[in-house]
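Asks: This is coords-v8.pdb, which holds PDB, C-alpha atoms and all ligand atoms:
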```pdb
ATOM      1  CA  MET J  27     134.899  77.928  97.615
ATOM      2  CA  PRO J  28     136.330  81.166  96.102
ATOM      3  CA  LEU J  29     134.241  82.886  93.428
ATOM      4  CA  THR J  30     136.424  84.099  90.535
ATOM      5  CA  PRO J  31     135.456  86.730  87.908
ATOM      6  CA  ALA J  32     135.159  83.881  85.368
ATOM      7  CA  ASP J  33     132.793  82.023  87.740
ATOM      8  CA  ILE J  34     130.651  85.139  88.121
ATOM      9  CA  ASP J  35     130.342  85.521  84.344
ATOM     10  CA  ALA J  36     129.515  81.842  83.899
ATOM     11  CA  VAL J  37     126.873  81.823  86.658
ATOM     12  CA  CYS J  38     125.290  85.099  85.470
ATOM     13  CA  ASP J  39     124.982  83.774  81.907
ATOM     14  CA  LEU J  40     123.501  80.485  83.101
ATOM     15  CA  VAL J  41     120.962  82.140  85.411
ATOM     16  CA  ASN J  42     119.977  84.520  82.625
ATOM     17  CA  ASP J  43     119.460  81.623  80.221
ATOM     18  CA  LEU J  44     117.536  79.523  82.740
ATOM     19  CA  CYS J  45     115.104  82.100  84.074
ATOM     20  CA  GLY J  46     115.818  85.569  82.619
ATOM     21  CA  ILE J  47     117.083  86.989  85.900
ATOM     22  CA  CYS J  48     119.845  89.552  85.298
ATOM     23  CA  LEU J  49     122.765  89.269  87.700
ATOM     24  CA  ASP J  50     126.180  90.905  87.511
ATOM     25  CA  ALA J  51     129.367  91.194  89.547
ATOM     26  CA  SER J  52     127.627  93.529  92.012
ATOM     27  CA  LYS J  53     125.545  90.505  93.069
ATOM     28  CA  SER J  54     128.533  88.222  93.773
ATOM     29  CA  TYR J  55     127.585  88.051  97.499
ATOM     30  CA  LEU J  56     124.160  86.753  96.459
ATOM     31  CA  ILE J  57     125.648  84.176  94.086
ATOM     32  CA  GLU J  58     128.001  82.964  96.801
ATOM     33  CA  SER J  59     125.456  82.876  99.602
ATOM     34  CA  ARG J  60     122.818  81.088  97.557
ATOM     35  CA  LEU J  61     124.856  78.720  95.400
ATOM     36  CA  SER J  62     127.919  77.726  97.460
ATOM     37  CA  GLN J  63     125.990  74.932  99.204
ATOM     38  CA  ILE J  64     125.032  73.412  95.847
ATOM     39  CA  VAL J  65     128.650  73.513  94.648
ATOM     40  CA  GLN J  66     129.833  71.815  97.826
ATOM     41  CA  LYS J  67     126.998  69.295  98.154
ATOM     42  CA  HIS J  68     127.511  67.950  94.632
ATOM     43  CA  GLY J  69     131.308  68.057  94.820
ATOM     44  CA  PHE J  70     131.840  70.417  91.869
ATOM     45  CA  SER J  71     135.415  71.651  91.605
ATOM     46  CA  SER J  72     134.229  75.259  91.065
ATOM     47  CA  TYR J  73     131.159  77.354  90.181
ATOM     48  CA  SER J  74     132.257  77.188  86.540
ATOM     49  CA  ASP J  75     132.385  73.398  86.786
ATOM     50  CA  MET J  76     128.780  73.408  88.070
ATOM     51  CA  VAL J  77     127.718  75.624  85.175
ATOM     52  CA  ARG J  78     129.470  73.349  82.670
ATOM     53  CA  GLN J  79     127.716  70.250  84.023
ATOM     54  CA  VAL J  80     124.317  71.931  83.984
ATOM     55  CA  ARG J  81     124.842  73.129  80.414
ATOM     56  CA  LEU J  82     125.740  69.604  79.371
ATOM     57  CA  SER J  83     122.261  68.693  80.689
ATOM     58  CA  THR J  84     123.693  65.843  82.692
ATOM     59  CA  ASN J  85     122.039  67.077  85.830
ATOM     60  CA  SER J  86     118.502  68.472  85.798
ATOM     61  CA  MET J  87     118.361  68.163  89.602
ATOM     62  CA  VAL J  88     121.144  70.724  89.954
ATOM     63  CA  ARG J  89     119.395  72.990  87.448
ATOM     64  CA  THR J  90     116.247  72.891  89.593
ATOM     65  CA  GLN J  91     118.248  73.552  92.752
ATOM     66  CA  ILE J  92     119.958  76.564  91.164
ATOM     67  CA  ILE J  93     116.594  78.035  90.112
ATOM     68  CA  ASP J  94     115.076  77.413  93.543
ATOM     69  CA  ALA J  95     118.088  79.022  95.235
ATOM     70  CA  ILE J  96     118.550  82.049  92.993
ATOM     71  CA  THR J  97     114.914  83.169  92.690
ATOM     72  CA  THR J  98     113.626  85.686  95.212
ATOM     73  CA  ASN J  99     110.305  84.417  96.506
ATOM     74  CA  GLU J 100     109.372  87.393  98.682
ATOM     75  CA  THR J 101     105.591  87.757  98.789
ATOM     76  CA  LEU J 102     102.728  88.420 101.186
ATOM     77  CA  PHE J 103      98.952  88.355 101.316
ATOM     78  CA  PHE J 104      97.281  91.364  99.679
ATOM     79  CA  ARG J 105     100.636  92.823  98.655
ATOM     80  CA  ASP J 106     100.165  96.480  97.679
ATOM     81  CA  ASN J 107      96.621  96.356  98.972
ATOM     82  CA  TYR J 108      95.497  99.307  96.805
ATOM     83  CA  MET J 109      95.801  97.001  93.780
ATOM     84  CA  PHE J 110      93.325  94.610  95.398
ATOM     85  CA  GLU J 111      91.057  97.582  96.134
ATOM     86  CA  ALA J 112      91.225  98.496  92.440
ATOM     87  CA  LEU J 113      90.416  94.884  91.612
ATOM     88  CA  ARG J 114      87.485  94.778  94.036
ATOM     89  CA  HIS J 115      85.965  98.170  93.204
ATOM     90  CA  LYS J 116      86.694  98.533  89.481
ATOM     91  CA  ALA J 117      88.229  95.650  87.558
ATOM     92  CA  LEU J 118      86.099  92.796  88.899
ATOM     93  CA  PRO J 119      82.723  94.587  88.828
ATOM     94  CA  GLU J 120      83.480  95.675  85.235
ATOM     95  CA  LEU J 121      84.482  92.136  84.300
ATOM     96  CA  ILE J 122      81.386  90.587  85.864
ATOM     97  CA  ASP J 123      79.171  93.138  84.080
ATOM     98  CA  SER J 124      80.875  92.500  80.738
ATOM     99  CA  LYS J 125      80.213  88.770  81.142
ATOM    100  CA  ALA J 126      76.530  89.187  81.966
ATOM    101  CA  ASN J 127      75.255  88.768  78.411
ATOM    102  CA  THR J 128      77.734  86.149  77.263
ATOM    103  CA  ALA J 129      77.240  82.390  76.989
ATOM    104  CA  PHE J 130      79.192  81.837  80.225
ATOM    105  CA  PRO J 131      78.330  84.724  82.585
ATOM    106  CA  GLN J 132      79.742  82.955  85.643
ATOM    107  CA  ARG J 133      83.003  81.767  84.165
ATOM    108  CA  LEU J 134      86.171  83.603  85.252
ATOM    109  CA  ARG J 135      89.743  82.694  84.385
ATOM    110  CA  ILE J 136      92.514  84.478  86.289
ATOM    111  CA  TRP J 137      96.261  83.904  86.092
ATOM    112  CA  SER J 138      98.788  84.740  88.784
ATOM    113  CA  ALA J 139     102.068  84.464  86.857
ATOM    114  CA  ALA J 140     105.109  84.025  89.137
ATOM    115  CA  CYS J 141     102.883  83.347  92.154
ATOM    116  CA  SER J 142     105.668  82.303  94.548
ATOM    117  CA  THR J 143     104.240  80.476  97.592
ATOM    118  CA  GLY J 144     100.627  81.274  96.692
ATOM    119  CA  GLN J 145      99.736  84.337  98.775
ATOM    120  CA  GLU J 146      98.820  86.279  95.603
ATOM    121  CA  PRO J 147      96.423  83.708  94.058
ATOM    122  CA  TYR J 148      94.805  83.053  97.452
ATOM    123  CA  SER J 149      94.395  86.830  97.936
ATOM    124  CA  LEU J 150      92.671  86.919  94.536
ATOM    125  CA  ALA J 151      90.445  84.013  95.598
ATOM    126  CA  MET J 152      89.527  85.776  98.873
ATOM    127  CA  THR J 153      88.671  88.964  96.976
ATOM    128  CA  LEU J 154      86.384  87.003  94.652
ATOM    129  CA  ALA J 155      84.773  85.145  97.555
ATOM    130  CA  GLU J 156      84.054  88.442  99.322
ATOM    131  CA  LEU J 157      82.546  89.949  96.180
ATOM    132  CA  ILE J 158      80.534  86.969  94.926
ATOM    133  CA  PRO J 159      78.338  85.370  97.623
ATOM    134  CA  ASP J 160      77.842  82.037  95.769
ATOM    135  CA  VAL J 161      81.429  81.939  94.461
ATOM    136  CA  ASN J 162      81.728  78.135  94.678
ATOM    137  CA  ASP J 163      78.748  77.764  92.284
ATOM    138  CA  TRP J 164      80.599  79.832  89.668
ATOM    139  CA  ASP J 165      83.035  78.325  87.183
ATOM    140  CA  ILE J 166      86.171  80.044  88.498
ATOM    141  CA  GLN J 167      89.767  79.040  87.956
ATOM    142  CA  ILE J 168      92.674  80.975  89.406
ATOM    143  CA  LEU J 169      95.865  79.532  87.982
ATOM    144  CA  GLY J 170      99.085  80.142  89.924
ATOM    145  CA  THR J 171     102.363  79.423  88.144
ATOM    146  CA  ASP J 172     106.005  79.798  89.027
ATOM    147  CA  ILE J 173     109.346  78.569  87.733
ATOM    148  CA  SER J 174     110.389  77.160  91.125
ATOM    149  CA  ASP J 175     109.290  73.611  91.970
ATOM    150  CA  ALA J 176     109.685  74.316  95.662
ATOM    151  CA  VAL J 177     107.333  77.309  95.780
ATOM    152  CA  VAL J 178     104.738  75.685  93.503
ATOM    153  CA  ALA J 179     104.628  72.720  95.909
ATOM    154  CA  ARG J 180     104.188  75.071  98.864
ATOM    155  CA  ALA J 181     101.476  77.105  97.123
ATOM    156  CA  SER J 182      99.656  73.936  96.234
ATOM    157  CA  ARG J 183      99.743  72.722  99.841
ATOM    158  CA  GLY J 184      98.191  76.000 101.020
ATOM    159  CA  TRP J 185      99.750  75.860 104.497
ATOM    160  CA  TYR J 186     101.262  78.968 106.106
ATOM    161  CA  ALA J 187     103.299  79.549 109.257
ATOM    162  CA  PRO J 188     102.048  82.149 111.751
ATOM    163  CA  HIS J 189     104.659  84.720 110.634
ATOM    164  CA  GLU J 190     103.432  84.410 107.027
ATOM    165  CA  ILE J 191      99.816  84.793 108.128
ATOM    166  CA  GLU J 192     100.709  87.960 110.026
ATOM    167  CA  ARG J 193     101.878  89.524 106.775
ATOM    168  CA  GLY J 194      98.748  90.941 105.199
ATOM    169  CA  LEU J 195      95.886  88.810 106.529
ATOM    170  CA  SER J 196      93.260  90.399 108.773
ATOM    171  CA  PRO J 197      91.858  88.300 111.662
ATOM    172  CA  GLU J 198      88.466  88.274 109.890
ATOM    173  CA  ARG J 199      89.950  86.805 106.705
ATOM    174  CA  LEU J 200      92.093  84.370 108.646
ATOM    175  CA  HIS J 201      89.091  82.875 110.434
ATOM    176  CA  ARG J 202      86.855  82.868 107.392
ATOM    177  CA  PHE J 203      89.285  81.381 104.873
ATOM    178  CA  PHE J 204      91.826  79.367 106.932
ATOM    179  CA  GLU J 205      91.739  76.620 109.564
ATOM    180  CA  PRO J 206      94.373  75.793 112.181
ATOM    181  CA  TYR J 207      96.629  72.976 111.027
ATOM    182  CA  ASP J 208     100.030  71.630 112.076
ATOM    183  CA  ASN J 209     101.109  74.679 114.131
ATOM    184  CA  GLY J 210     100.073  77.004 111.336
ATOM    185  CA  TRP J 211      97.089  77.655 109.117
ATOM    186  CA  LYS J 212      95.742  75.854 106.067
ATOM    187  CA  VAL J 213      93.571  77.355 103.333
ATOM    188  CA  ARG J 214      90.003  76.026 103.679
ATOM    189  CA  ASP J 215      88.808  73.631 100.971
ATOM    190  CA  GLU J 216      86.250  76.113  99.523
ATOM    191  CA  LEU J 217      89.020  78.632  98.766
ATOM    192  CA  ARG J 218      91.542  75.998  97.691
ATOM    193  CA  ALA J 219      88.962  74.689  95.171
ATOM    194  CA  LEU J 220      89.161  77.973  93.240
ATOM    195  CA  CYS J 221      92.921  77.675  92.688
ATOM    196  CA  SER J 222      95.261  75.387  90.789
ATOM    197  CA  PHE J 223      99.032  75.524  90.517
ATOM    198  CA  ARG J 224     101.682  74.440  88.070
ATOM    199  CA  LYS J 225     105.270  75.033  87.158
ATOM    200  CA  LEU J 226     105.842  77.464  84.291
ATOM    201  CA  ASN J 227     108.923  79.330  83.107
ATOM    202  CA  LEU J 228     107.825  82.708  81.743
ATOM    203  CA  LEU J 229     110.700  82.626  79.229
ATOM    204  CA  GLU J 230     109.128  79.615  77.532
ATOM    205  CA  PRO J 231     106.034  79.549  75.287
ATOM    206  CA  LEU J 232     102.910  80.359  77.324
ATOM    207  CA  ALA J 233     100.785  77.451  76.165
ATOM    208  CA  MET J 234      97.511  78.031  78.002
ATOM    209  CA  PRO J 235      94.238  76.095  77.751
ATOM    210  CA  GLY J 236      92.179  79.250  77.051
ATOM    211  CA  LYS J 237      92.197  83.013  77.422
ATOM    212  CA  PHE J 238      92.386  84.798  80.769
ATOM    213  CA  ASP J 239      89.971  87.468  82.000
ATOM    214  CA  MET J 240      92.605  88.915  84.338
ATOM    215  CA  VAL J 241      96.357  88.477  84.721
ATOM    216  CA  PHE J 242      98.529  89.376  87.694
ATOM    217  CA  CYS J 243     102.233  89.381  86.793
ATOM    218  CA  ARG J 244     103.839  91.276  89.629
ATOM    219  CA  ASN J 245     107.341  91.689  90.986
ATOM    220  CA  VAL J 246     109.025  89.310  88.588
ATOM    221  CA  ALA J 247     109.686  91.418  85.470
ATOM    222  CA  ILE J 248     111.873  93.763  87.561
ATOM    223  CA  TYR J 249     114.497  91.007  87.557
ATOM    224  CA  PHE J 250     114.513  90.784  83.733
ATOM    225  CA  SER J 251     116.198  92.939  81.059
ATOM    226  CA  ARG J 252     114.055  95.529  79.247
ATOM    227  CA  ASP J 253     113.942  93.350  76.120
ATOM    228  CA  VAL J 254     112.820  90.281  78.052
ATOM    229  CA  GLN J 255     110.202  92.373  79.862
ATOM    230  CA  ARG J 256     108.834  93.767  76.597
ATOM    231  CA  ASP J 257     108.684  90.326  75.009
ATOM    232  CA  LEU J 258     107.065  88.809  78.119
ATOM    233  CA  PHE J 259     104.310  91.411  78.429
ATOM    234  CA  HIS J 260     103.503  91.084  74.738
ATOM    235  CA  ARG J 261     103.261  87.321  75.019
ATOM    236  CA  ILE J 262     101.115  87.611  78.151
ATOM    237  CA  ALA J 263      98.789  89.958  76.233
ATOM    238  CA  GLN J 264      98.166  87.163  73.715
ATOM    239  CA  THR J 265      96.818  84.971  76.537
ATOM    240  CA  MET J 266      94.202  87.583  77.517
ATOM    241  CA  THR J 267      90.656  88.324  76.348
ATOM    242  CA  THR J 268      90.049  91.746  74.811
ATOM    243  CA  ASP J 269      88.344  92.974  78.033
ATOM    244  CA  ALA J 270      91.031  91.656  80.357
ATOM    245  CA  TYR J 271      93.216  93.706  82.668
ATOM    246  CA  LEU J 272      96.889  93.130  83.419
ATOM    247  CA  PHE J 273      98.160  94.007  86.890
ATOM    248  CA  VAL J 274     101.910  94.546  87.320
ATOM    249  CA  GLY J 275     104.070  95.304  90.358
ATOM    250  CA  ALA J 276     104.321  98.700  92.039
ATOM    251  CA  GLN J 277     107.766  99.269  90.479
ATOM    252  CA  GLU J 278     106.868  97.942  87.038
ATOM    253  CA  PHE J 279     105.579 100.278  84.361
ATOM    254  CA  LEU J 280     104.338  99.564  80.872
ATOM    255  CA  ALA J 281     104.621 103.185  79.745
ATOM    256  CA  ASP J 282     107.450 102.516  77.297
ATOM    257  CA  HIS J 283     105.367  99.889  75.509
ATOM    258  CA  GLY J 284     103.604 102.825  73.842
ATOM    259  CA  PRO J 285     100.027 102.311  72.722
ATOM    260  CA  ASN J 286     100.235  98.538  73.235
ATOM    261  CA  PHE J 287      98.977  98.837  76.806
ATOM    262  CA  ALA J 288      96.388 101.382  77.868
ATOM    263  CA  PRO J 289      96.659 102.411  81.525
ATOM    264  CA  HIS J 290      93.527 102.430  83.685
ATOM    265  CA  GLN J 291      93.384 103.943  87.116
ATOM    266  CA  HIS J 292      91.473 103.385  90.321
ATOM    267  CA  CYS J 293      92.615 105.476  93.286
ATOM    268  CA  ARG J 294      96.357 104.693  93.535
ATOM    269  CA  GLY J 295      96.184 101.525  91.451
ATOM    270  CA  THR J 296      97.216 101.485  87.790
ATOM    271  CA  PHE J 297      96.488  98.453  85.661
ATOM    272  CA  TYR J 298      96.572  97.860  81.937
ATOM    273  CA  ARG J 299      94.426  96.711  79.072
ATOM    274  CA  PRO J 300      96.411  95.348  76.128
ATOM    275  CA  ASN J 301      95.622  96.756  72.725
ATOM    276  CA  LEU J 302      95.619  93.409  70.930
ATOM    277  CA  ILE J 303      94.804  94.892  67.512
ATOM    278  CA  ASN J 304      98.116  96.757  67.375
ATOM    279  CA  MET J 305     100.198  93.954  68.748
ATOM    280  CA  PRO J 306     102.104  91.324  66.826
ATOM    281  CA  ALA J 307     100.563  87.925  67.596
ATOM    282  CA  TYR J 308     103.096  85.521  68.971
ATOM    283  CA  VAL J 309     103.238  83.456  72.131
TER     284      VAL J 309
HETATM  285  C1  LIG J 401     109.210  88.307  94.241
HETATM  286  S1  LIG J 401     108.249  86.905  93.807
HETATM  287  C2  LIG J 401     106.713  87.666  93.381
HETATM  288  C3  LIG J 401     105.524  86.892  93.916
HETATM  289  C4  LIG J 401     104.175  87.569  93.730
HETATM  290  N1  LIG J 401     103.881  87.750  92.319
HETATM  291  C5  LIG J 401     104.128  88.890  94.454
HETATM  292  O1  LIG J 401     104.150  89.949  93.798
HETATM  293  O2  LIG J 401     104.063  88.900  95.687
HETATM  294  C6  LIG J 401     108.973  86.523  92.185
HETATM  295  C7  LIG J 401     108.671  85.108  91.742
HETATM  296  O3  LIG J 401     109.031  85.021  90.357
HETATM  297  C8  LIG J 401     109.482  83.705  90.118
HETATM  298  N2  LIG J 401     110.236  83.690  88.860
HETATM  299  C9  LIG J 401     111.483  84.180  88.607
HETATM  300  N3  LIG J 401     111.828  83.965  87.332
HETATM  301  C10 LIG J 401     110.783  83.338  86.734
HETATM  302  C11 LIG J 401     110.536  82.853  85.428
HETATM  303  N4  LIG J 401     111.443  82.962  84.436
HETATM  304  N5  LIG J 401     109.353  82.245  85.182
HETATM  305  C12 LIG J 401     108.417  82.126  86.165
HETATM  306  N6  LIG J 401     108.590  82.559  87.428
HETATM  307  C13 LIG J 401     109.754  83.169  87.714
HETATM  308  C14 LIG J 401     110.284  83.364  91.358
HETATM  309  O4  LIG J 401     110.422  81.976  91.538
HETATM  310  C15 LIG J 401     109.474  84.043  92.464
HETATM  311  O5  LIG J 401     108.635  83.141  93.118
END
```
What is this file in structure tokens?
Replies:
Amino acid sequence: MPLTPADIDAVCDLVNDLCGICLDASKSYLIESRLSQIVQKHGFSSYSDMVRQVRLSTNSMVRTQIIDAITTNETLFFRDNYMFEALRHKALPELIDSKANTAFPQRLRIWSAACSTGQEPYSLAMTLAELIPDVNDWDIQILGTDISDAVVARASRGWYAPHEIERGLSPERLHRFFEPYDNGWKVRDELRALCSFRKLNLLEPLAMPGKFDMVFCRNVAIYFSRDVQRDLFHRIAQTMTTDAYLFVGAQEFLADHGPNFAPHQHCRGTFYRPNLINMPAYV
């Protein structure tokens, strides 16, 4: 199916509206390689025809398939390990100390926004389990969310193929936190119990049950425009407690958000504390 300039414009606009991802003509190979199967499978006469049908809302299945196909789900366990070192040696000890004299000293709420297939939230859970000996007696919830149904289902299952395990997991962690299952490895129940997963589009209102003590939102904002990034980080800040830290990806910087986010440093890891007093409150 040939991809015309009009098709490219139509697909780029749709993808931007659906999930905030910015594509342009330089990504036409990506559009073709990821979406041509959907066009053919559903018998659309062109990419523009597919876009028209999705916009008419006659086909939410196609919308889901487009999102699943166009999103880049690259992830690994303990990605940018120095961030997990900063978490282990600075952010978590500080958080646990700051909770000590509160009504709920053993309650921690952590959000992995855009968690892909779950390696990030499970890495957070492993870090907590290594730091807190009686972690399963604590009231801990690590929420993993993503826009893609397919990756949320995979994260929730907690099963990984050997090649995924090899990316970032040490043998010690593998044997402590995983068990062999179905030619791969499954997250053990004790670790799985710390995590929950659900679908969430970061462009939509972030209706959360309570405030988070820590948010990881990494390697997703790079796909968004500067305006969408700014809006997203401000809305995420509203979901956080005043002592909470926000961790972003290695190529994502909050410097141009001025005094709204104060950078904190541990070794190579930079993470941010939102300045909620200065920020407009909207979610
Ligand atoms: C590259 S992965 C990052 C995974 C993980 N945070 C990490 O750093 O390893 C980006 C994820 O963002 C998700 N995503 C893209 N647009 C989104 C949106 N509008 N709302 C929520 N998730 C989105 C994709 O489905 C994908 O799983």
Asks: Mind telling me what the PyMOL selection byres (((chain J and resi 34) around 9) and not hetatm) catches here, as a ChimeraX atom specification?
Replies: /J:29-33,35-39,49-51,53-54,57,73-74
Asks: Using only C-alpha atoms, find the one residue out of J:Thr267, J:Gln79, J:Gln63, J:Ser251 that sits nearest to J:Leu229.
Replies: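 The closest residue to J:Leu229 is J:Ser251.
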Asks: Rounded to one decimal, what separation in Å do you get between atom CA of J:Gln255 and atom CA of J:Gly275?
Replies: 12.5 Å
Asks: Could you jot down the atom CA of J:Met27 to atom CA of J:Asp94 separation for me, Å, one decimal place?
Replies: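 Here the two named atoms are 20.2 Å from each other.
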Asks: Which residues fall under the PyMOL selection byres (((chain J and resi 271) around 9) and not hetatm) in this file, as a PyMOL selection string?
Replies: chain J and resi 117+239-242+266-270+272-273+290+297-300
Asks: If we count only C-alpha atoms, what is near J:Tyr207 at a cut-off of 12 Å, once residues fewer than 2 positions away on the same chain are taken out, given as a short mmCIF file (atom, residue, chain, number, x, y, z; two decimals) with C-alpha atoms, keeping the file's coordinate frame?
Replies:
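Wrote out09.cif, looks like this:
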```cif
data_model
loop_
_atom_site.label_atom_id
_atom_site.label_comp_id
_atom_site.auth_asym_id
_atom_site.auth_seq_id
_atom_site.Cartn_x
_atom_site.Cartn_y
_atom_site.Cartn_z
CA ARG J 183 99.74 72.72 99.84
CA GLY J 184 98.19 76.00 101.02
CA TRP J 185 99.75 75.86 104.50
CA TYR J 186 101.26 78.97 106.11
CA ALA J 187 103.30 79.55 109.26
CA PRO J 188 102.05 82.15 111.75
CA PHE J 204 91.83 79.37 106.93
CA GLU J 205 91.74 76.62 109.56
CA ASN J 209 101.11 74.68 114.13
CA GLY J 210 100.07 77.00 111.34
CA TRP J 211 97.09 77.66 109.12
CA LYS J 212 95.74 75.85 106.07
CA VAL J 213 93.57 77.36 103.33
CA ARG J 214 90.00 76.03 103.68
#
```
Asks: With a distance cut-off of 9 Å and only C-alpha atoms, select the neighbouring residues of J:Leu228, excluding the residue or stretch itself and same-chain residues fewer than 6 positions from it, and output the selection as a PyMOL selection string.
Replies: chain J and resi 45-46+139-140+172-173+258
Asks: For the provided coordinates, the residues matched by the PyMOL selection byres (((chain J and resi 153-163) around 12) and not hetatm) should be stated as a ChimeraX atom specification.
Replies: /J:103-104,107,109-119,121-122,131-136,146-152,164-168,195,198-199,202-203,215-221
Asks: Choose the residue, out of J:Leu40, J:Val65, J:Met76, J:Leu226, that has the smallest atom-to-atom separation from ligand LIG 401 (chain J); count all atoms listed in the file.
Replies: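 Closest to ligand LIG 401 (chain J) of all the choices is J:Leu226.
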Asks: Of the candidates J:Thr265, J:Ser142, J:Ser222, J:Asp43, which one gets nearest to J:Arg81 if we count only C-alpha atoms?
Replies: J:Asp43
Asks: Is it possible to add N, CA and C atoms to stretch 223-240 of chain J and hand it back as a short mmCIF file (atom, residue, chain, number, x, y, z; two decimals), keeping the file's coordinate frame?
Replies:
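Saved result, result.cif, follows:
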```
data_model
loop_
_atom_site.label_atom_id
_atom_site.label_comp_id
_atom_site.auth_asym_id
_atom_site.auth_seq_id
_atom_site.Cartn_x
_atom_site.Cartn_y
_atom_site.Cartn_z
N PHE J 223 97.64 75.07 90.59
CA PHE J 223 99.03 75.52 90.52
C PHE J 223 99.82 74.64 89.57
N ARG J 224 100.75 75.25 88.86
CA ARG J 224 101.68 74.44 88.07
C ARG J 224 102.97 75.21 87.79
N LYS J 225 103.98 74.43 87.45
CA LYS J 225 105.27 75.03 87.16
C LYS J 225 105.24 75.64 85.75
N LEU J 226 105.76 76.84 85.61
CA LEU J 226 105.84 77.46 84.29
C LEU J 226 106.97 78.48 84.28
N ASN J 227 107.86 78.35 83.31
CA ASN J 227 108.92 79.33 83.11
C ASN J 227 108.42 80.40 82.14
N LEU J 228 108.38 81.63 82.58
CA LEU J 228 107.82 82.71 81.74
C LEU J 228 108.67 82.99 80.51
N LEU J 229 109.88 82.45 80.44
CA LEU J 229 110.70 82.63 79.23
C LEU J 229 110.25 81.68 78.12
N GLU J 230 109.53 80.64 78.52
CA GLU J 230 109.13 79.61 77.53
C GLU J 230 107.75 79.93 76.97
N PRO J 231 107.35 79.25 75.87
CA PRO J 231 106.03 79.55 75.29
C PRO J 231 104.92 79.40 76.33
N LEU J 232 103.98 80.35 76.32
CA LEU J 232 102.91 80.36 77.32
C LEU J 232 101.72 79.59 76.78
N ALA J 233 101.86 78.28 76.71
CA ALA J 233 100.78 77.45 76.17
C ALA J 233 99.69 77.32 77.22
N MET J 234 98.59 78.02 77.01
CA MET J 234 97.51 78.03 78.00
C MET J 234 96.26 77.38 77.41
N PRO J 235 95.42 76.80 78.25
CA PRO J 235 94.24 76.10 77.75
C PRO J 235 93.19 77.03 77.16
N GLY J 236 93.17 78.29 77.57
CA GLY J 236 92.18 79.25 77.05
C GLY J 236 92.66 80.64 77.39
N LYS J 237 91.79 81.62 77.15
CA LYS J 237 92.20 83.01 77.42
C LYS J 237 91.84 83.42 78.86
N PHE J 238 92.62 84.34 79.40
CA PHE J 238 92.39 84.80 80.77
C PHE J 238 91.60 86.11 80.78
N ASP J 239 90.74 86.24 81.81
CA ASP J 239 89.97 87.47 82.00
C ASP J 239 90.75 88.49 82.81
N MET J 240 91.81 88.03 83.48
CA MET J 240 92.60 88.92 84.34
C MET J 240 93.96 88.25 84.54
#
```
